[in-house]
Protein chains: 2
Amino acid sequence: MRRPVNGRPGAPPQGPREAPWVALEEHQRRLADVRMTDLFAGDPGRFERYSFRVADILVDFSKHRITDETLELLLDLARAAGVAETRDAMFAGQPINVSEDRAVMHMALRNRSERPMPVDGQDVMPQVRGVLDHMRRFSEGVRAGRWRGYSGERITDVVNIGIGGSHLGPQMVVRALRPYADGPKLHFVSNVDGAAIHDTLEGLDPATTLFLVASKTFTTLETMTNARTARQWLVRAAGDEGAVAQHFAALSTNLDAVAEFGIDEENAFAFWDWVGGRYSLWSAIGLSIAVAVGFERFEELLTGAYEVDEHFRLTPLRANVPVLMGLLNVWYGNFFGAETWAILPYDESLTYLPSYLQQASMESNGKSVTRSMQPVTWQTGPVVWGQPGTDGQHAFYQLLHQGTKLVPADFIVPAQAQHPLKEHHDILLANFLAQTEALMLGRSVEEADTPAKSFPGNRPTTSIVLPRLTPRTLGSLVALYEHSIFTQGVIWDVNSFDQMGVELGKELAEKLVPEVQRGAPEEGAHDGSTAGLLRAIADMRGRS
Amino acid sequence: MRRPVNGRPGAPPQGPREAPWVALEEHQRRLADVRMTDLFAGDPGRFERYSFRVADILVDFSKHRITDETLELLLDLARAAGVAETRDAMFAGQPINVSEDRAVMHMALRNRSERPMPVDGQDVMPQVRGVLDHMRRFSEGVRAGRWRGYSGERITDVVNIGIGGSHLGPQMVVRALRPYADGPKLHFVSNVDGAAIHDTLEGLDPATTLFLVASKTFTTLETMTNARTARQWLVRAAGDEGAVAQHFAALSTNLDAVAEFGIDEENAFAFWDWVGGRYSLWSAIGLSIAVAVGFERFEELLTGAYEVDEHFRLTPLRANVPVLMGLLNVWYGNFFGAETWAILPYDESLTYLPSYLQQASMESNGKSVTRSMQPVTWQTGPVVWGQPGTDGQHAFYQLLHQGTKLVPADFIVPAQAQHPLKEHHDILLANFLAQTEALMLGRSVEEADTPAKSFPGNRPTTSIVLPRLTPRTLGSLVALYEHSIFTQGVIWDVNSFDQMGVELGKELAEKLVPEVQRGAPEEGAHDGSTAGLLRAIADMRGRS
């Protein structure tokens with residue numbers, strides 16, 4: 001099904017991708033009416049053949065609208081697109097982020113082996129180990145109470161101030177690992193909306209609060225606005241600008257700006273341009289994780305990701321789990337016309353995982369130009385969305401079951417709970433199984449007593465079962481998605497590692513700030529709506 | 001653009017909707033290449049003509065890909081579909097929920113006039129006022145400390161236990177109105193995942209905690225599992241089953257089950273079958289709101305919604321804001337092929353609004369059969385998703401700007417902040433304006449220094465500006481969406497008021513619970529994947 005792209009007719013990619021692409025289009029037409037239930041009925045080995053184990057995680061692809069032929073054709077496409085070669089180029093430190101001429105080497109951050117990780121021919125592991133050691137010393141100092149605030153008290157609360165990649169990863173992991181939390185209490189402030197920092201500070205004591213300011217450039221508007229407000233709050237309480245050094249650390253490379261803010265250079269943590277924001281939780285950006293659960297747990301997180309890195313690097317495409325995950329996204333997005341992909345964790349602790357993966361995927365693959373700067377004529381990245389399991393069942397699953405749209409979904413569940421309430425977990429697991437089963441089975445009009453109670457079924461899902469949600473399995477889970485997103489980007493021939501699409505809005509916002517402040521648009525600078533809204537807002541603010 | 005529907009080719013509705021539908025398809029082809037910036041350039045009055053005020057809220061439709069002709073054609077479709085007549089039938093208490101043969105009368109809950117609201121010819125206002133009075137007495141008693149726990153202490157914490165419609169509304173409103181919170185601290189437990197109730201109870205004192213159990217039937221599996229766990233926790237601490245009456249109230253109509261649980265009949269709040277779960281925050285389900293911010297504030301919330309009800313009921317379609325909102329959903333969903341709609345509040349307090357509207361919309365209109373039980377051949381409800389403003393800019397806006405998918409979006413902002421940090425709010429407002437402007441403007445390849453920095457633009461947005469986020473404006477905002485969703489349902493000819501799509505999964509889950517408990521699937525009862533997953537999970541649990 002060829003959908004239009006940015007108003008132009010859809011078309012397959014030219015070059016080596018074209019033949020497998022067209023073959024997949026033909027194959028999709030043949031498979032469009034085939035029901036998964038029939039595929040299971042005709043093939044007792046289907047589950048075993050289409051489910052995989054990677055780093056203790058079970059990933060089941062058997063409830064997808066695929067046959068061996070589908071997989072072969074998708075793998076042909078992966079080969080034509082050069083998935084293995086691009087992966088190898090990434091691991092070799094080549095500048096695969098072509099628009100910014102940078103390597104992509106977040107895997108070095110979690111490399112638990114002695115293998116060197118080269119960027120521009122230089123092994124980055126000594127630097128990586130240096131920063132890890134710095135993080136260990138810092139986090140242990142805070143946790144052990146050796147770090148003291150201006151009044152000599154130990155730190156009870158840590159506020160991570162960052163946005164986007166400097167926020168979503170740490171927030172997601174700290175929430176997911178709450179059962180392991182034994183350090184100071186963590187808080188996260190990201191939105192420039194003053195309510196965020198205001199409400200957070202309200203509950204805190206300046207004397208025992210430590211701020212981690214996460215901004216690579218130390219100029220991010222939202223983050224620095226929040227950091228300045230936090231700084232004022234602290235200095236007002238301490239009565240001394242010097243207190244800033246005892247209450248702030250920076251995750252940044254702009255050492256001049258960090259020093260000017262009043263942060264001790266010793267408490268600035270380094271970054272590298274081969275770590276993209278949305279791949280940075282493994283770096284110093286993860287400092288809040290180490291503070292919350294301890295550095296050993298943070299290292300276990302890295303180990304879990306490393307295990308998947310090795311799987312991704314070394315496993316043939318046919319059994320390479322993140323590659324297959326990525327190919328299924330392509331299958332539904334480009335051949336069934338699906339626009340979205342749902343992430344449905346059956347685990348309250350994974351509340352923030354959908355938002356995290358939303359950024360990871362949409363910022364990576366929401367692109368319209370190829371790596372050689374041509375407009376794409378095919379669909380690229382999906383809208384990724386979702387909410388935890390049983391809540392979603394009582395909210396939006398109605399549409400998944402009976403709506404007109406095909407929404408492929410990932411169901412994620414831990415076999416063992418982190419709490420002692422066994423009855424709850426049995427019910428949770430039963431719901432997890434029941435939903436993937438119901439989405440596939442459907443119910444015909446004949447079986448239902450009214451057409452309103454019939455279900456089309458044949459809706460595809462991936463089941464991902466963790467033995468238990470631990471730092472290690474969480475690290476593996478996230479790395480699986482990272483490499484799936486990578487695979488999709490290679491197939492779509494987009495650069496998954498830049499984010500030029502955020503620039504225009506930033507530029508316009510900077511221009512608009514003074515206009516908002518004075519309550520009047522600059523003459524002729526805006527369309528009628530933007531100017532009109534600006535005036536109406538000024539009018540409403542005057543009414544206060 | 002006709003998209004396939006559940007595997008069958010798309011086609012316009014038959015009957016009176018067909019002619020305007022086909023006219024809209026033709027009109028869309030003529031308008032497909034027209035840029036909004038040109039429409040603004042050629043029409044200085046565009047903003048004034050396409051922006052509306054309703055209940056103090058400014059709603060701007062001028063950044064949509066519409067002309068006067070588009071609106072006329074969409075209004076033709078609305079007339080052909082009988083939007084006004086169905087609306088009037090709803091307000092007249094006719095059973096427009098056809099599959100369940102029920103009236104739809106949540107507007108009665110917020111009717112602030114003396115006008116009777118009939119259901120089956122009987123005015124329901126006396127009952128409504130009775131329950132409101134009950135809510136007033138109860139909430140004031142708890143807030144004033146007249147309600148006492150088993151040890152004679154007053155209540156400091158209230159836990160709302162519910163799911164879906166008994167959770168999302170109260171949670172969203174209590175979070176949004178945090179600046180007004182002056183009662184006990186509110187907590188929400190919905191997910192059956194034991195982590196939810198476990199983590200919540202961990203921080204609470206049984207002697208000062210009150211539970212509100214919200215389940216119409218008092219049999220909802222998730223809610224009753226959580227309620228029983230809370231009950232055990234309380235009884236263990238109090239050492240007396242009798243304490244249940246002092247610590248539990250019920251929002252339910254199943255009085256027998258309520259009494260058996262140990263709840264005093266006096267603390268059971270009534271419900272009616274003409275209030276759907278996703279329209280129930282205005283009913284006794286909103287009790288937690290009244291406890292958190294006071295009954296007067298709850299009444300202001302009702303008043304705000306009432307004002308929009310009156311606007312919806314009395315305004316001609318052409319200037320009827322929720323009708324226009326709904327028609328724009330139809331415009332992009334059925335004629336541009338958009339699958340999703342984004343809700344982007346520039347207000348941290350509205351964090352839960354996207355999830356709330358996700359249920360409101362997707363459970364209402366994620367349907368595939370018409371009101372006369374025929375399969376639809378056109379797309380129905382969109383996937384609704386979103387996150388608060390500036391956070392989203394650093395996460396998924398990349399795809400909105402440069403992806404291949406058309407994602408219409410609602411931008412929502414309060415002109416005035418609820419906090420004293422003016423600089424933050426200026427920046428927030430500038431970002432709000434800049435994003436809608438950037439999405440429309442785009443940037444051509446010629447203007448950009450590289451194609452990677454070009455933006456297609458012409459992406460449609462609705463701007464919704466509240467003077468301030470108050471109980472009243474929040475009530476208005478939610479009612480606008482309710483009636484927009486109603487309008488969409490009428491156009492699509494679906495019953496927006498049932499949710500049969502949740503039944504199959506529920507049935508299968510009930511069967512699966514004993515299988516999960518014993519760790520083995522029933523012979524021949526499941527497909528290979530469901531059986532295989534069940535065994536794998538049992539194996540992983542054995543490892544503990």
# chains A, B, ... in the order shown; residues from 1 in each chain; ligands from 1

$ interface_residues --of "chain A" --to "chain B" --cutoff "6 Å" --atoms "only C-alpha atoms" --output "number ranges by chain"
A: 5-6, 47, 164, 191-194, 359, 362-363, 366-368, 373, 379, 390-391, 394-396, 398-399, 401-404, 415-416, 421, 424, 427-428, 430-431, 434-435, 438, 451, 453, 467, 500-502, 505, 508-509, 512-513, 528-529, 537, 540-541

$ residues_around --residues "Gly145 in chain A" --least-positions-apart "4" --cutoff "8 Å" --atoms "only C-alpha atoms" --output "VMD selection string"
chain A and resid 141 154 to 155

$ write_last_selection --atoms "C-alpha atoms" --output "JSON list (two decimals), in the first residue's frame"
[["chain", "number", "residue", "atom", "x", "y", "z"],
["A", 141, "GLY", "CA", 30.31, 10.61, 47.97],
["A", 154, "ARG", "CA", 24.15, 15.68, 54.01],
["A", 155, "ILE", "CA", 22.15, 15.59, 50.79]]

$ residues_around --residues "range 311-322 of chain B" --least-positions-apart "2" --cutoff "8 Å" --atoms "only C-alpha atoms" --output "ChimeraX atom specification"
/B:52,54,59,71,75,84,87-88,91,307-309,324-326,480-481,483-484,487

$ select_by_dssp --residues "range 230-262 of chain B" --states "alpha helix (DSSP H)" --output "PyMOL selection string"
chain B and resi 230-238+244-247+255-261

$ write_last_selection --atoms "N, CA, C and O atoms" --output "PDB file, in the first residue's frame"
ATOM      1  N   ALA B 230      -6.018  -3.053  49.817  1.00  0.00           N
ATOM      2  CA  ALA B 230      -6.064  -1.891  50.714  1.00  0.00           C
ATOM      3  C   ALA B 230      -6.834  -2.234  51.992  1.00  0.00           C
ATOM      4  O   ALA B 230      -6.444  -1.840  53.101  1.00  0.00           O
ATOM      5  N   ARG B 231      -7.895  -2.992  51.835  1.00  0.00           N
ATOM      6  CA  ARG B 231      -8.725  -3.370  52.989  1.00  0.00           C
ATOM      7  C   ARG B 231      -7.921  -4.230  53.971  1.00  0.00           C
ATOM      8  O   ARG B 231      -7.947  -4.005  55.184  1.00  0.00           O
ATOM      9  N   GLN B 232      -7.188  -5.208  53.431  1.00  0.00           N
ATOM     10  CA  GLN B 232      -6.341  -6.060  54.285  1.00  0.00           C
ATOM     11  C   GLN B 232      -5.324  -5.232  55.058  1.00  0.00           C
ATOM     12  O   GLN B 232      -5.089  -5.446  56.242  1.00  0.00           O
ATOM     13  N   TRP B 233      -4.727  -4.295  54.351  1.00  0.00           N
ATOM     14  CA  TRP B 233      -3.698  -3.423  54.946  1.00  0.00           C
ATOM     15  C   TRP B 233      -4.293  -2.634  56.107  1.00  0.00           C
ATOM     16  O   TRP B 233      -3.698  -2.517  57.178  1.00  0.00           O
ATOM     17  N   LEU B 234      -5.502  -2.125  55.871  1.00  0.00           N
ATOM     18  CA  LEU B 234      -6.160  -1.329  56.907  1.00  0.00           C
ATOM     19  C   LEU B 234      -6.534  -2.198  58.102  1.00  0.00           C
ATOM     20  O   LEU B 234      -6.263  -1.849  59.260  1.00  0.00           O
ATOM     21  N   VAL B 235      -7.166  -3.347  57.816  1.00  0.00           N
ATOM     22  CA  VAL B 235      -7.659  -4.193  58.908  1.00  0.00           C
ATOM     23  C   VAL B 235      -6.489  -4.736  59.728  1.00  0.00           C
ATOM     24  O   VAL B 235      -6.562  -4.827  60.957  1.00  0.00           O
ATOM     25  N   ARG B 236      -5.399  -5.049  59.057  1.00  0.00           N
ATOM     26  CA  ARG B 236      -4.222  -5.522  59.787  1.00  0.00           C
ATOM     27  C   ARG B 236      -3.753  -4.466  60.789  1.00  0.00           C
ATOM     28  O   ARG B 236      -3.400  -4.781  61.922  1.00  0.00           O
ATOM     29  N   ALA B 237      -3.779  -3.197  60.354  1.00  0.00           N
ATOM     30  CA  ALA B 237      -3.309  -2.126  61.234  1.00  0.00           C
ATOM     31  C   ALA B 237      -4.321  -1.829  62.341  1.00  0.00           C
ATOM     32  O   ALA B 237      -3.954  -1.633  63.497  1.00  0.00           O
ATOM     33  N   ALA B 238      -5.602  -1.820  61.973  1.00  0.00           N
ATOM     34  CA  ALA B 238      -6.631  -1.440  62.946  1.00  0.00           C
ATOM     35  C   ALA B 238      -6.959  -2.598  63.879  1.00  0.00           C
ATOM     36  O   ALA B 238      -7.466  -2.396  64.987  1.00  0.00           O
ATOM     37  N   VAL B 244     -13.250  -0.701  58.645  1.00  0.00           N
ATOM     38  CA  VAL B 244     -13.457  -0.490  57.205  1.00  0.00           C
ATOM     39  C   VAL B 244     -14.442   0.648  56.961  1.00  0.00           C
ATOM     40  O   VAL B 244     -14.220   1.504  56.086  1.00  0.00           O
ATOM     41  N   ALA B 245     -15.498   0.692  57.728  1.00  0.00           N
ATOM     42  CA  ALA B 245     -16.528   1.719  57.521  1.00  0.00           C
ATOM     43  C   ALA B 245     -15.985   3.127  57.722  1.00  0.00           C
ATOM     44  O   ALA B 245     -16.483   4.084  57.126  1.00  0.00           O
ATOM     45  N   GLN B 246     -14.952   3.249  58.533  1.00  0.00           N
ATOM     46  CA  GLN B 246     -14.394   4.584  58.795  1.00  0.00           C
ATOM     47  C   GLN B 246     -13.327   4.979  57.784  1.00  0.00           C
ATOM     48  O   GLN B 246     -12.825   6.098  57.832  1.00  0.00           O
ATOM     49  N   HIS B 247     -12.989   4.045  56.894  1.00  0.00           N
ATOM     50  CA  HIS B 247     -11.867   4.322  55.979  1.00  0.00           C
ATOM     51  C   HIS B 247     -12.190   4.056  54.518  1.00  0.00           C
ATOM     52  O   HIS B 247     -11.300   4.155  53.679  1.00  0.00           O
ATOM     53  N   LEU B 255     -25.190  -1.846  45.821  1.00  0.00           N
ATOM     54  CA  LEU B 255     -25.203  -1.601  47.269  1.00  0.00           C
ATOM     55  C   LEU B 255     -24.971  -2.872  48.083  1.00  0.00           C
ATOM     56  O   LEU B 255     -24.402  -2.812  49.181  1.00  0.00           O
ATOM     57  N   ASP B 256     -25.400  -4.015  47.558  1.00  0.00           N
ATOM     58  CA  ASP B 256     -25.167  -5.265  48.282  1.00  0.00           C
ATOM     59  C   ASP B 256     -23.673  -5.551  48.420  1.00  0.00           C
ATOM     60  O   ASP B 256     -23.173  -5.841  49.510  1.00  0.00           O
ATOM     61  N   ALA B 257     -22.984  -5.442  47.294  1.00  0.00           N
ATOM     62  CA  ALA B 257     -21.542  -5.706  47.317  1.00  0.00           C
ATOM     63  C   ALA B 257     -20.828  -4.686  48.194  1.00  0.00           C
ATOM     64  O   ALA B 257     -19.866  -5.011  48.891  1.00  0.00           O
ATOM     65  N   VAL B 258     -21.296  -3.451  48.154  1.00  0.00           N
ATOM     66  CA  VAL B 258     -20.695  -2.385  48.955  1.00  0.00           C
ATOM     67  C   VAL B 258     -20.829  -2.710  50.447  1.00  0.00           C
ATOM     68  O   VAL B 258     -19.866  -2.602  51.223  1.00  0.00           O
ATOM     69  N   ALA B 259     -22.025  -3.150  50.835  1.00  0.00           N
ATOM     70  CA  ALA B 259     -22.278  -3.484  52.243  1.00  0.00           C
ATOM     71  C   ALA B 259     -21.437  -4.693  52.654  1.00  0.00           C
ATOM     72  O   ALA B 259     -20.860  -4.724  53.747  1.00  0.00           O
ATOM     73  N   GLU B 260     -21.352  -5.670  51.765  1.00  0.00           N
ATOM     74  CA  GLU B 260     -20.572  -6.867  52.091  1.00  0.00           C
ATOM     75  C   GLU B 260     -19.084  -6.532  52.308  1.00  0.00           C
ATOM     76  O   GLU B 260     -18.407  -7.152  53.116  1.00  0.00           O
ATOM     77  N   PHE B 261     -18.618  -5.550  51.573  1.00  0.00           N
ATOM     78  CA  PHE B 261     -17.226  -5.111  51.715  1.00  0.00           C
ATOM     79  C   PHE B 261     -17.003  -4.476  53.087  1.00  0.00           C
ATOM     80  O   PHE B 261     -15.892  -4.441  53.600  1.00  0.00           O
TER      81      PHE B 261
END

$ select_by_dssp --residues "range 333-374 of chain B" --states "strand (DSSP E or B)" --output "list of chain:residue names"
B:Thr340, B:Trp341, B:Ala342, B:Ile343, B:Leu344, B:Pro345, B:Val369

$ write_last_selection --atoms "N, CA and C atoms" --output "JSON list (two decimals), in the first residue's frame"
[["chain", "number", "residue", "atom", "x", "y", "z"],
["B", 340, "THR", "N", -3.57, 10.00, 13.24],
["B", 340, "THR", "CA", -3.42, 10.40, 14.64],
["B", 340, "THR", "C", -3.80, 11.86, 14.83],
["B", 341, "TRP", "N", -3.93, 12.25, 16.10],
["B", 341, "TRP", "CA", -4.15, 13.64, 16.48],
["B", 341, "TRP", "C", -3.37, 13.87, 17.76],
["B", 342, "ALA", "N", -2.56, 14.92, 17.78],
["B", 342, "ALA", "CA", -1.72, 15.16, 18.96],
["B", 342, "ALA", "C", -2.33, 16.24, 19.86],
["B", 343, "ILE", "N", -2.25, 16.02, 21.15],
["B", 343, "ILE", "CA", -2.69, 16.97, 22.18],
["B", 343, "ILE", "C", -1.44, 17.47, 22.90],
["B", 344, "LEU", "N", -1.16, 18.76, 22.75],
["B", 344, "LEU", "CA", 0.10, 19.31, 23.24],
["B", 344, "LEU", "C", -0.15, 20.47, 24.18],
["B", 345, "PRO", "N", -0.36, 20.19, 25.47],
["B", 345, "PRO", "CA", -0.61, 21.28, 26.42],
["B", 345, "PRO", "C", 0.69, 21.99, 26.79],
["B", 369, "VAL", "N", -18.31, -0.60, 13.38],
["B", 369, "VAL", "CA", -19.67, -0.83, 12.89],
["B", 369, "VAL", "C", -20.50, 0.43, 13.08]]

$ atom_distance --atom1 "CA of Leu327 in chain A" --atom2 "CA of Ile412 in chain A"
18.6 Å

$ atom_distance --atom1 "CA of Gly262 in chain A" --atom2 "CA of Val174 in chain A"
27.3 Å

$ residues_around --residues "range 128-130 of chain A" --least-positions-apart "2" --cutoff "9 Å" --atoms "only C-alpha atoms" --output "list in words"
Ala108, Leu109, Arg110, Val124, Met125, Pro126, Leu132, Asp133, His134, Met135 and Ser283 of chain A

$ write_last_selection --atoms "N, CA and C atoms" --output "short mmCIF file (atom, residue, chain, number, x, y, z; two decimals), in the first residue's frame"
data_model
loop_
_atom_site.label_atom_id
_atom_site.label_comp_id
_atom_site.auth_asym_id
_atom_site.auth_seq_id
_atom_site.Cartn_x
_atom_site.Cartn_y
_atom_site.Cartn_z
N ALA A 108 30.23 2.41 23.30
CA ALA A 108 31.48 2.45 24.07
C ALA A 108 31.20 2.70 25.55
N LEU A 109 30.13 3.43 25.82
CA LEU A 109 29.81 3.79 27.21
C LEU A 109 29.50 2.55 28.04
N ARG A 110 29.08 1.49 27.37
CA ARG A 110 28.69 0.28 28.09
C ARG A 110 29.52 -0.93 27.66
N VAL A 124 38.38 5.21 22.50
CA VAL A 124 37.77 6.15 23.46
C VAL A 124 37.61 5.52 24.85
N MET A 125 37.96 4.24 24.99
CA MET A 125 37.69 3.57 26.27
C MET A 125 38.42 4.20 27.47
N PRO A 126 39.66 4.67 27.31
CA PRO A 126 40.28 5.31 28.48
C PRO A 126 39.47 6.50 28.98
N LEU A 132 33.51 7.23 34.00
CA LEU A 132 32.81 6.28 34.86
C LEU A 132 33.39 6.33 36.28
N ASP A 133 34.68 6.41 36.35
CA ASP A 133 35.31 6.46 37.66
C ASP A 133 34.93 7.74 38.40
N HIS A 134 34.88 8.83 37.66
CA HIS A 134 34.44 10.11 38.23
C HIS A 134 33.01 10.00 38.76
N MET A 135 32.15 9.36 37.96
CA MET A 135 30.75 9.17 38.38
C MET A 135 30.67 8.31 39.64
N SER A 283 25.79 7.56 29.69
CA SER A 283 26.92 8.46 29.91
C SER A 283 26.76 9.16 31.26
#

$ residues_around --residues "Leu31 in chain B" --least-positions-apart "2" --cutoff "12 Å" --atoms "only C-alpha atoms" --output "VMD selection string"
(chain A and resid 7) or (chain B and resid 24 to 29 33 to 36 38 to 39 64 to 70 331 335 to 336 458)

$ atom_distance --atom1 "CA of Asp493 in chain A" --atom2 "CA of Trp282 in chain A"
26.1 Å

$ residues_around --residues "Phe295 in chain B" --least-positions-apart "2" --cutoff "8 Å" --atoms "only C-alpha atoms" --output "CSV table (one decimal) with all heavy atoms, in the first residue's frame"
chain,number,residue,atom,x,y,z
B,135,MET,N,-22.3,14.7,48.0
B,135,MET,CA,-20.9,14.9,47.8
B,135,MET,C,-20.4,16.1,48.6
B,135,MET,O,-19.3,16.1,49.1
B,135,MET,CB,-20.6,15.2,46.3
B,135,MET,CG,-20.8,13.9,45.4
B,135,MET,SD,-20.7,14.3,43.7
B,135,MET,CE,-18.9,14.7,43.5
B,136,ARG,N,-21.2,17.2,48.6
B,136,ARG,CA,-20.8,18.3,49.4
B,136,ARG,C,-20.6,18.0,50.9
B,136,ARG,O,-19.6,18.3,51.5
B,136,ARG,CB,-21.9,19.4,49.3
B,136,ARG,CG,-21.6,20.7,50.1
B,136,ARG,CD,-22.8,21.6,50.3
B,136,ARG,NE,-23.3,22.2,49.1
B,136,ARG,CZ,-22.9,23.3,48.6
B,136,ARG,NH1,-21.9,24.0,49.1
B,136,ARG,NH2,-23.4,23.7,47.4
B,139,SER,N,-17.5,15.6,51.3
B,139,SER,CA,-16.2,16.3,51.1
B,139,SER,C,-15.9,17.3,52.2
B,139,SER,O,-14.8,17.4,52.7
B,139,SER,CB,-16.1,16.9,49.7
B,139,SER,OG,-17.1,17.8,49.5
B,140,GLU,N,-17.0,18.0,52.6
B,140,GLU,CA,-16.7,19.0,53.6
B,140,GLU,C,-16.4,18.4,55.0
B,140,GLU,O,-15.6,18.9,55.7
B,140,GLU,CB,-18.0,20.0,53.8
B,140,GLU,CG,-18.0,20.9,52.6
B,140,GLU,CD,-19.3,21.8,52.6
B,140,GLU,OE1,-20.1,21.6,53.5
B,140,GLU,OE2,-19.3,22.7,51.7
B,290,ALA,N,-13.5,17.0,44.7
B,290,ALA,CA,-14.2,17.8,45.7
B,290,ALA,C,-13.4,17.8,47.0
B,290,ALA,O,-13.3,18.8,47.7
B,290,ALA,CB,-15.6,17.4,45.9
B,291,VAL,N,-12.9,16.6,47.3
B,291,VAL,CA,-12.1,16.5,48.6
B,291,VAL,C,-10.8,17.3,48.4
B,291,VAL,O,-10.4,17.9,49.4
B,291,VAL,CB,-11.8,15.0,48.9
B,291,VAL,CG1,-10.8,14.8,50.0
B,291,VAL,CG2,-13.1,14.3,49.2
B,293,VAL,N,-9.9,19.9,46.4
B,293,VAL,CA,-10.0,21.4,46.2
B,293,VAL,C,-11.2,22.1,46.8
B,293,VAL,O,-11.3,23.3,46.7
B,293,VAL,CB,-9.9,21.8,44.7
B,293,VAL,CG1,-8.5,21.3,44.1
B,293,VAL,CG2,-11.0,21.2,43.9
B,297,ARG,N,-15.1,24.7,44.3
B,297,ARG,CA,-14.2,24.6,43.1
B,297,ARG,C,-14.8,23.5,42.2
B,297,ARG,O,-14.7,23.7,41.0
B,297,ARG,CB,-12.8,24.2,43.5
B,297,ARG,CG,-12.1,25.2,44.5
B,297,ARG,CD,-12.0,26.5,43.9
B,297,ARG,NE,-11.1,27.4,44.6
B,297,ARG,CZ,-10.9,28.6,44.4
B,297,ARG,NH1,-11.5,29.3,43.4
B,297,ARG,NH2,-10.0,29.3,45.1
B,298,PHE,N,-15.3,22.4,42.8
B,298,PHE,CA,-15.9,21.4,41.9
B,298,PHE,C,-17.1,21.9,41.2
B,298,PHE,O,-17.3,21.7,40.0
B,298,PHE,CB,-16.3,20.2,42.8
B,298,PHE,CG,-16.9,19.0,42.0
B,298,PHE,CD1,-16.1,18.2,41.2
B,298,PHE,CD2,-18.2,18.7,42.1
B,298,PHE,CE1,-16.6,17.2,40.5
B,298,PHE,CE2,-18.8,17.7,41.4
B,298,PHE,CZ,-18.0,16.9,40.6
B,299,GLU,N,-17.8,22.8,41.9
B,299,GLU,CA,-19.0,23.4,41.2
B,299,GLU,C,-18.6,24.3,40.1
B,299,GLU,O,-19.3,24.5,39.1
B,299,GLU,CB,-19.9,24.1,42.2
B,299,GLU,CG,-20.7,23.2,43.1
B,299,GLU,CD,-21.8,23.9,43.9
B,299,GLU,OE1,-21.4,24.8,44.6
B,299,GLU,OE2,-23.0,23.5,43.8

$ residues_around --residues "Asn160 in chain B" --least-positions-apart "3" --cutoff "9 Å" --atoms "only C-alpha atoms" --output "PyMOL selection string"
chain B and resi 166-167+170-171+186-190+210-214+288

$ closest_residue --among "B:Asp123, B:Val98, B:Ala284, B:Ser444" --to "Ser252 in chain B" --atoms "only C-alpha atoms"
B:Ala284

$ closest_residue --among "B:Ala250, B:Gly169, B:Asp182, B:Arg30" --to "Tyr352 in chain B" --atoms "only C-alpha atoms"
B:Gly169

$ closest_residue --among "B:Arg228, B:Lys216, B:Arg53, B:Arg148" --to "Ala270 in chain B" --atoms "only C-alpha atoms"
B:Lys216

$ closest_residue --among "A:Gly333, A:Pro116, A:Pro354, A:Gly10" --to "Val478 in chain A" --atoms "only C-alpha atoms"
A:Pro354
